[in-house]
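To be precise, the following lines are final_15.txt, and they hold compact mmCIF, C-alpha atoms and all ligand atoms.
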# COMPACT_ATOMS: atom_id res chain seq x y z
CA MET A 223 11.36 8.63 11.54
CA GLU A 224 13.22 11.43 13.31
CA ALA A 225 11.42 14.69 14.11
CA VAL A 226 13.44 17.82 13.44
CA ASP A 227 12.90 21.54 12.96
CA GLU A 228 9.79 21.55 15.16
CA ALA A 229 10.45 25.16 16.19
CA ALA A 230 10.19 26.59 12.70
CA GLY A 231 6.97 28.48 13.56
CA ALA A 232 4.26 28.75 10.94
CA GLY A 233 4.44 26.45 7.95
CA PRO A 234 5.09 22.77 7.46
CA VAL A 235 7.16 20.70 9.87
CA ILE A 236 10.40 19.26 8.46
CA ARG A 237 11.13 15.61 9.27
CA ARG A 238 13.65 12.97 8.31
CA GLY A 239 12.19 9.93 6.56
CA VAL A 240 9.03 9.41 4.53
CA PRO A 241 6.18 8.45 6.88
CA ALA A 242 4.87 4.89 6.43
CA GLY A 243 1.83 5.03 4.14
CA ALA A 244 2.96 8.22 2.36
CA GLU A 245 4.74 6.41 -0.51
CA ASP A 246 1.97 7.16 -3.05
CA ARG A 247 1.93 10.83 -2.10
CA VAL A 248 5.71 11.12 -2.44
CA ALA A 249 5.57 9.33 -5.80
CA GLN A 250 2.87 11.81 -6.90
CA LEU A 251 5.01 14.83 -5.94
CA TYR A 252 8.03 13.27 -7.57
CA TRP A 253 6.18 12.55 -10.80
CA GLU A 254 4.72 16.09 -10.88
CA ALA A 255 8.25 17.44 -10.65
CA PHE A 256 10.17 14.95 -12.79
CA GLY A 257 7.53 13.25 -14.95
CA ARG A 258 8.76 15.02 -18.10
CA LYS A 259 12.21 13.50 -17.58
CA LEU A 260 11.07 10.10 -16.26
CA GLY A 261 8.08 9.61 -18.58
CA PRO A 262 9.91 7.90 -21.47
CA ALA A 263 11.53 5.43 -19.05
CA LEU A 264 8.79 4.78 -16.49
CA GLY A 265 5.56 6.11 -18.05
CA PRO A 266 2.69 6.23 -18.56
CA PRO A 267 2.14 8.36 -15.43
CA ASP A 268 -0.03 5.91 -13.44
CA ARG A 269 2.46 3.15 -13.99
CA GLY A 270 5.45 5.37 -13.29
CA ARG A 271 3.98 6.64 -10.03
CA ALA A 272 3.16 3.07 -8.94
CA PHE A 273 6.71 1.93 -9.76
CA LEU A 274 8.23 4.81 -7.79
CA ALA A 275 5.93 4.20 -4.79
CA ALA A 276 6.66 0.47 -4.74
CA HIS A 277 10.44 0.97 -4.69
CA LEU A 278 10.92 4.01 -2.43
CA HIS A 279 13.53 3.83 0.30
CA ARG A 280 11.74 5.80 3.00
CA ASP A 281 14.92 6.42 5.00
CA ARG A 282 16.59 8.38 2.21
CA ALA A 283 14.57 11.61 2.27
CA VAL A 284 13.58 14.61 4.32
CA VAL A 285 9.97 15.71 4.03
CA ALA A 286 7.80 18.74 4.81
CA LEU A 287 4.50 17.85 6.50
CA ASP A 288 1.44 20.08 6.69
CA ALA A 289 -1.06 18.55 9.13
CA GLY A 290 0.55 15.16 8.43
CA ARG A 291 0.37 15.49 4.62
CA VAL A 292 3.63 15.49 2.67
CA VAL A 293 3.94 18.83 0.85
CA GLY A 294 7.65 18.63 0.04
CA VAL A 295 10.32 15.98 -0.30
CA ALA A 296 14.07 16.01 -0.84
CA GLY A 297 15.63 12.63 -1.59
CA TYR A 298 19.27 11.67 -1.29
CA HIS A 299 21.64 8.87 -2.16
CA LEU A 300 23.89 7.71 0.65
CA ALA A 301 25.81 4.49 1.28
CA GLY A 302 24.46 2.74 -1.81
CA ARG A 303 20.77 3.61 -1.37
CA ALA A 304 18.72 6.43 -2.87
CA LEU A 305 15.13 7.54 -2.24
CA THR A 306 14.13 6.10 -5.62
CA GLY A 307 14.85 2.41 -5.93
CA GLY A 308 14.05 -0.42 -8.30
CA ASP A 309 16.91 -2.26 -9.98
CA ALA A 310 17.06 -3.74 -13.50
CA ALA A 311 15.19 -6.89 -12.39
CA ALA A 312 12.39 -4.74 -10.93
CA VAL A 313 12.07 -2.74 -14.17
CA LEU A 314 11.91 -5.93 -16.26
CA ALA A 315 9.38 -7.46 -13.87
CA ALA A 316 7.15 -4.38 -13.99
CA TYR A 317 7.36 -3.59 -17.72
CA GLY A 318 8.26 -6.94 -19.29
CA VAL A 319 11.56 -7.86 -20.93
CA LEU A 320 10.86 -6.47 -24.42
CA ARG A 321 9.50 -3.16 -23.21
CA GLY A 322 11.78 -3.07 -20.19
CA LEU A 323 15.15 -3.22 -21.97
CA PRO A 324 14.88 0.14 -23.77
CA ARG A 325 13.57 1.64 -20.54
CA LEU A 326 16.69 0.43 -18.74
CA ALA A 327 18.84 2.12 -21.38
CA LEU A 328 17.05 5.43 -20.74
CA LEU A 329 17.32 5.06 -16.98
CA SER A 330 21.05 4.50 -17.30
CA LEU A 331 21.34 7.94 -18.95
CA LEU A 332 19.81 9.47 -15.83
CA GLU A 333 21.69 7.40 -13.28
CA ARG A 334 24.18 9.15 -10.99
CA ARG A 335 26.38 7.70 -8.26
CA PRO A 336 27.96 9.58 -5.37
CA ALA A 337 31.70 9.42 -4.79
CA ASP A 338 32.90 8.47 -1.33
CA GLY A 339 32.34 11.38 1.04
CA GLN A 340 29.47 12.76 -1.03
CA LEU A 341 25.79 12.89 -0.30
CA LEU A 342 24.11 12.99 -3.70
CA MET A 343 20.70 14.67 -3.92
CA ASP A 344 18.01 12.48 -5.48
CA GLY A 345 15.43 15.11 -6.36
CA ILE A 346 13.63 17.87 -4.49
CA ALA A 347 9.96 18.62 -5.08
CA VAL A 348 7.49 20.92 -3.36
CA ASP A 349 3.71 20.83 -3.85
CA PRO A 350 2.87 23.59 -6.39
CA ASP A 351 0.53 25.21 -3.80
CA TRP A 352 3.43 25.54 -1.37
CA ARG A 353 6.16 26.83 -3.68
CA GLY A 354 7.75 30.22 -2.99
CA ARG A 355 7.15 29.97 0.76
CA GLY A 356 10.53 28.76 1.86
CA VAL A 357 9.78 25.00 2.01
CA GLY A 358 12.43 24.08 -0.58
CA GLY A 359 15.03 26.12 1.30
CA ARG A 360 14.16 24.45 4.61
CA LEU A 361 14.44 21.00 3.01
CA LEU A 362 17.92 21.90 1.71
CA THR A 363 18.96 23.10 5.17
CA GLU A 364 17.86 19.77 6.64
CA ILE A 365 19.70 17.84 3.90
CA ALA A 366 22.87 19.72 4.91
CA ARG A 367 22.30 18.60 8.52
CA VAL A 368 21.85 14.99 7.38
CA ALA A 369 25.11 15.22 5.40
CA ALA A 370 26.96 16.60 8.43
CA ALA A 371 25.51 13.89 10.70
CA HIS A 372 26.97 11.25 8.35
CA ASP A 373 30.35 13.02 8.12
CA CYS A 374 29.91 13.71 4.40
CA ARG A 375 32.48 16.05 2.89
CA GLU A 376 30.12 17.58 0.36
CA ILE A 377 26.66 17.55 -1.20
CA ARG A 378 26.35 17.12 -4.96
CA LEU A 379 23.36 17.59 -7.21
CA ASP A 380 22.42 18.02 -10.85
CA VAL A 381 20.17 20.70 -12.27
CA VAL A 382 18.90 20.88 -15.84
CA ASP A 383 19.13 23.98 -18.03
CA THR A 384 15.33 24.38 -18.12
CA ASN A 385 15.13 24.91 -14.35
CA PRO A 386 16.63 28.32 -13.48
CA ARG A 387 14.42 28.62 -10.39
CA ALA A 388 15.88 25.52 -8.79
CA ARG A 389 19.38 26.65 -9.72
CA ARG A 390 18.82 30.03 -8.04
CA LEU A 391 17.64 28.24 -4.89
CA TYR A 392 20.77 26.05 -4.88
CA GLU A 393 23.04 29.05 -5.39
CA ARG A 394 21.41 30.86 -2.47
CA HIS A 395 22.19 27.77 -0.39
CA GLY A 396 25.86 27.84 -1.24
CA PHE A 397 25.99 25.42 -4.19
CA VAL A 398 28.56 26.23 -6.88
CA ALA A 399 28.47 24.93 -10.47
CA LEU A 400 31.29 22.47 -11.18
CA SER A 401 30.66 21.43 -14.77
CA THR A 402 27.97 21.31 -17.43
CA GLU A 403 27.29 18.37 -19.72
CA HIS A 404 25.59 19.40 -22.96
CA THR A 405 23.06 16.83 -24.16
CA PRO A 406 21.21 18.41 -27.13
CA TYR A 407 20.22 14.90 -28.31
CA LEU A 408 18.08 14.52 -25.15
CA ARG A 409 16.13 17.76 -25.57
CA ARG A 410 13.27 16.27 -27.57
CA LEU A 411 13.17 13.02 -25.65
CA LEU A 412 13.63 14.15 -22.04
CA GLY A 413 13.01 17.92 -22.27
CA PHE A 414 16.46 19.29 -21.37
CA GLY A 415 19.63 20.00 -23.34
CA ALA A 416 22.23 20.40 -20.59
CA VAL A 417 22.84 19.25 -17.02
CA THR A 418 24.94 21.24 -14.56
CA THR A 419 26.57 19.51 -11.61
CA MET A 420 26.76 21.63 -8.46
CA ARG A 421 28.40 21.07 -5.08
CA ARG A 422 28.68 22.60 -1.65
CA GLY A 423 30.93 21.70 1.23
CA VAL A 424 29.57 20.40 4.53
CA GLY A 425 30.68 21.50 7.99
CA ARG A 426 31.36 18.66 10.40
CA SER A 427 28.59 18.10 12.93
CA PRO A 428 29.54 18.51 16.58
CA GLY A 429 30.53 15.05 17.82
CA GLY A 430 30.63 13.62 14.28
CA ARG A 431 28.89 10.52 13.02
CA SER A 432 27.23 8.27 15.56
CA GLY A 433 27.90 4.50 15.25
CA ASP A 434 24.38 3.56 14.14
CA ARG A 435 24.36 5.75 11.04
CA PRO A 436 25.68 4.64 7.65
CA GLU A 437 29.02 6.06 6.62
CA CYS A 438 29.18 8.60 3.82
CA ARG A 439 30.60 6.13 1.31
CA TYR A 440 29.43 4.50 -1.85
CA ARG A 441 29.26 0.77 -1.37
C1 LIG B 501 12.60 24.06 -6.96
C2 LIG B 501 11.61 23.92 -5.82
C3 LIG B 501 11.91 22.63 -5.06
C4 LIG B 501 11.78 25.11 -4.86
O1 LIG B 501 10.92 24.93 -3.75
P1 LIG B 501 10.24 26.20 -3.02
O2 LIG B 501 9.55 25.70 -1.81
O3 LIG B 501 9.44 26.95 -4.00
O4 LIG B 501 11.57 27.00 -2.62
P2 LIG B 501 11.67 28.31 -1.71
O5 LIG B 501 10.32 28.86 -1.44
O6 LIG B 501 12.54 27.96 -0.56
O7 LIG B 501 12.49 29.30 -2.64
C5 LIG B 501 12.04 29.51 -3.95
C6 LIG B 501 11.56 30.93 -4.19
O8 LIG B 501 10.61 31.41 -3.25
C7 LIG B 501 11.10 32.62 -2.66
N1 LIG B 501 10.70 32.54 -1.26
C8 LIG B 501 11.34 31.88 -0.29
N2 LIG B 501 10.68 32.03 0.87
C9 LIG B 501 9.59 32.79 0.61
C10 LIG B 501 8.51 33.27 1.39
N3 LIG B 501 8.46 33.02 2.72
N4 LIG B 501 7.55 33.99 0.78
C11 LIG B 501 7.63 34.25 -0.55
N5 LIG B 501 8.64 33.82 -1.33
C12 LIG B 501 9.61 33.11 -0.76
C13 LIG B 501 12.53 32.59 -2.86
O9 LIG B 501 13.09 33.88 -2.88
C14 LIG B 501 12.63 31.93 -4.21
O10 LIG B 501 12.36 32.86 -5.25
P3 LIG B 501 12.84 32.61 -6.76
O11 LIG B 501 12.68 31.16 -7.08
O12 LIG B 501 11.90 33.45 -7.56
O13 LIG B 501 14.26 33.09 -6.85
C15 LIG B 501 10.14 23.93 -6.32
O14 LIG B 501 9.96 25.05 -7.14
C16 LIG B 501 9.75 22.68 -7.09
O15 LIG B 501 9.29 21.69 -6.53
N6 LIG B 501 9.95 22.70 -8.42
C17 LIG B 501 9.63 21.55 -9.26
C18 LIG B 501 10.64 20.45 -9.06
C19 LIG B 501 12.05 20.90 -9.33
O16 LIG B 501 12.30 21.67 -10.23
N7 LIG B 501 12.98 20.35 -8.54
C20 LIG B 501 14.39 20.66 -8.67
C21 LIG B 501 15.04 19.78 -9.67
S1 LIG B 501 16.79 20.08 -9.80
In structure tokens, what does this structure look like?
Ligand SMILES: CC(C)(COP(=O)(O)OP(=O)(O)OC[C@H]1O[C@@H](n2cnc3c(N)ncnc32)[C@H](O)[C@@H]1OP(=O)(O)O)[C@@H](O)C(=O)NCCC(=O)NCCS
Amino acid sequence: MEAVDEAAGAGPVIRRGVPAGAEDRVAQLYWEAFGRKLGPALGPPDRGRAFLAAHLHRDRAVVALDAGRVVGVAGYHLAGRALTGGDAAAVLAAYGVLRGLPRLALLSLLERRPADGQLLMDGIAVDPDWRGRGVGGRLLTEIARVAAAHDCREIRLDVVDTNPRARRLYERHGFVALSTEHTPYLRRLLGFGAVTTMRRGVGRSPGGRSGDRPECRYR
């Protein structure tokens, strides 16, 4: 795990990577933020959180730590791996074949893949007690640094129509809406009726990508 942003003064420390042993806590934050959307596919909540924790890729996130406790997390998808893992076989193993197949169909509706040169955000969530204190913004700043370190051309994310607060945060951080997919048939099931894709460009980091970091490509 790389330490970064140590000089931020008061407030949580921002770091790259989920600390070993913090998988359950990250899954809890993630479920708090996205449980409405993930519930039909991975619920009930205890089971969904356990599935997320068991399949996290700890090297695909930046986190905010307050006295060692994760109070914010921003996941990303880079070079074929996202923070949230678990392939079709894992879903069928955890939920059984009969119950697992419809869950896979729902998950496929939510699945997104980055294009080459893109870092794709895989969810950002801040502990409700810490919201409105700049943690989300600091996580986004660190994500932009990660993207630059991997020579990504741009960062892409999706935001649902029921989340104007997150959208405002993204706009303040330079994200621009590209397109909106209207999904009124998902409103009752997953809680949202439209998804907007946003992007922002990434400046190259001085010196560019170092040899031991994955390239910004989908493989
Ligand atoms: C969206 C989310 C990640 C933002 O995190 P956050 O830590 O609250 O973000 P910030 O504090 O950086 O900025 C958010 C707000 O706090 C304000 N703020 C920023 N720093 C502040 C500070 N030091 N003191 C007071 N307010 C501050 C910002 O102006 C902003 O206000 P607004 O939302 O009313 O326009 C958080 O609300 C969250 O986890 N939501 C649930 C999950 C979610 O929706 N994720 C996004 C899915 S696309």
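Protein and nucleic acid residues near (18.9, 15.5, -6.7) are Ala296, Gly297, Tyr298, Leu342, Met343, Asp344, Gly345, Ile346, Arg378, Leu379, Asp380 and Val381 of chain A, the criterion being any atom at most 8 Å away using only C-alpha atoms.
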Shortest contact to ligand LIG 501 (chain B), candidates A:Cys374, A:Ala347, A:Ala366, A:Val285, atoms counted all atoms listed in the file, goes to A:Ala347
Test item: residues no farther than 8 Å from ligand LIG 501 (chain B), counting all atoms listed in the file, as a PyMOL selection string:
chain A and resi 252+254-256+294+345-350+352-360+379-382+385+387-391
What's around A:Arg367 at 12 Å? Count all atoms listed in the file, leave out sequence neighbours fewer than 2 positions away in its own chain, and write the answer as a PDB file with C-alpha atoms, keeping the file's coordinate frame.
ATOM      1  CA  VAL A 226      13.440  17.820  13.440  1.00  0.00           C
ATOM      2  CA  ASP A 227      12.900  21.540  12.960  1.00  0.00           C
ATOM      3  CA  ILE A 236      10.400  19.260   8.460  1.00  0.00           C
ATOM      4  CA  ARG A 237      11.130  15.610   9.270  1.00  0.00           C
ATOM      5  CA  ARG A 238      13.650  12.970   8.310  1.00  0.00           C
ATOM      6  CA  VAL A 284      13.580  14.610   4.320  1.00  0.00           C
ATOM      7  CA  LEU A 341      25.790  12.890  -0.300  1.00  0.00           C
ATOM      8  CA  ARG A 360      14.160  24.450   4.610  1.00  0.00           C
ATOM      9  CA  LEU A 361      14.440  21.000   3.010  1.00  0.00           C
ATOM     10  CA  LEU A 362      17.920  21.900   1.710  1.00  0.00           C
ATOM     11  CA  THR A 363      18.960  23.100   5.170  1.00  0.00           C
ATOM     12  CA  GLU A 364      17.860  19.770   6.640  1.00  0.00           C
ATOM     13  CA  ILE A 365      19.700  17.840   3.900  1.00  0.00           C
ATOM     14  CA  ALA A 369      25.110  15.220   5.400  1.00  0.00           C
ATOM     15  CA  ALA A 370      26.960  16.600   8.430  1.00  0.00           C
ATOM     16  CA  ALA A 371      25.510  13.890  10.700  1.00  0.00           C
ATOM     17  CA  HIS A 372      26.970  11.250   8.350  1.00  0.00           C
ATOM     18  CA  ASP A 373      30.350  13.020   8.120  1.00  0.00           C
ATOM     19  CA  CYS A 374      29.910  13.710   4.400  1.00  0.00           C
ATOM     20  CA  ARG A 375      32.480  16.050   2.890  1.00  0.00           C
ATOM     21  CA  GLU A 376      30.120  17.580   0.360  1.00  0.00           C
ATOM     22  CA  ILE A 377      26.660  17.550  -1.200  1.00  0.00           C
ATOM     23  CA  GLY A 423      30.930  21.700   1.230  1.00  0.00           C
ATOM     24  CA  VAL A 424      29.570  20.400   4.530  1.00  0.00           C
ATOM     25  CA  GLY A 425      30.680  21.500   7.990  1.00  0.00           C
ATOM     26  CA  ARG A 426      31.360  18.660  10.400  1.00  0.00           C
ATOM     27  CA  SER A 427      28.590  18.100  12.930  1.00  0.00           C
ATOM     28  CA  PRO A 428      29.540  18.510  16.580  1.00  0.00           C
ATOM     29  CA  GLY A 430      30.630  13.620  14.280  1.00  0.00           C
ATOM     30  CA  ARG A 431      28.890  10.520  13.020  1.00  0.00           C
TER      31      ARG A 431
END
One decimal, in Å: what's the spacing between atom CA of A:Arg291 and atom CA of A:Val240?
10.6 Å
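Closest approach to A:Val398 among A:Thr419, A:Ser330, A:Gln250, A:Thr306 is made by A:Thr419 (distances from only C-alpha atoms).
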In Å, rounded to a single decimal, give me how far atom CA of A:Leu287 is from atom CA of A:Gly233.
8.7 Å
Using all atoms listed in the file, which of A:Leu274, A:Leu251, A:Leu400, A:Ala416 sits nearest A:Ala312?
A:Leu274
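Atom pair atom CA of A:Pro436 / atom CA of A:Arg335 has a distance of 16.2 Å (rounded to one decimal).
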Using all atoms listed in the file, determine which residues lie at most 12 Å from stretch 403-406 of chain A, disregarding the query and same-chain residues fewer than 3 positions distant; provide the list as an MDAnalysis selection string.
chainID A and resid 331:332 380:383 399:400 409:420
Using C-alpha atoms, can you export the residues from the last selection as a compact mmCIF listing (two decimals), in the frame of the given file?
# COMPACT_ATOMS: atom_id res chain seq x y z
CA LEU A 331 21.34 7.94 -18.95
CA LEU A 332 19.81 9.47 -15.83
CA ASP A 380 22.42 18.02 -10.85
CA VAL A 381 20.17 20.70 -12.27
CA VAL A 382 18.90 20.88 -15.84
CA ASP A 383 19.13 23.98 -18.03
CA ALA A 399 28.47 24.93 -10.47
CA LEU A 400 31.29 22.47 -11.18
CA ARG A 409 16.13 17.76 -25.57
CA ARG A 410 13.27 16.27 -27.57
CA LEU A 411 13.17 13.02 -25.65
CA LEU A 412 13.63 14.15 -22.04
CA GLY A 413 13.01 17.92 -22.27
CA PHE A 414 16.46 19.29 -21.37
CA GLY A 415 19.63 20.00 -23.34
CA ALA A 416 22.23 20.40 -20.59
CA VAL A 417 22.84 19.25 -17.02
CA THR A 418 24.94 21.24 -14.56
CA THR A 419 26.57 19.51 -11.61
CA MET A 420 26.76 21.63 -8.46
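Between A:Ala316 and the candidates A:Ala301, A:Ala263, A:Leu408, A:Ala286, the tightest atom-to-atom separation, counting only C-alpha atoms, involves A:Ala263.
Of the residues listed (A:His277, A:Lys259, A:Arg269, A:Arg435), A:Arg269 shows the shortest atom-to-atom separation from A:Tyr317; distances use all atoms listed in the file.
Among the candidates A:Arg422, A:His395, A:Arg303, A:Arg258, the residue lying nearest to A:Cys438 is A:Arg303 (atoms considered: only C-alpha atoms).
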Do you know which residues are at most 9 Å from A:Gly257 counting all atoms listed in the file, after dropping those on the same chain fewer than 4 positions away, and could you put them as number ranges by chain?
A: 252-253, 261-262, 264-265, 267, 270-271
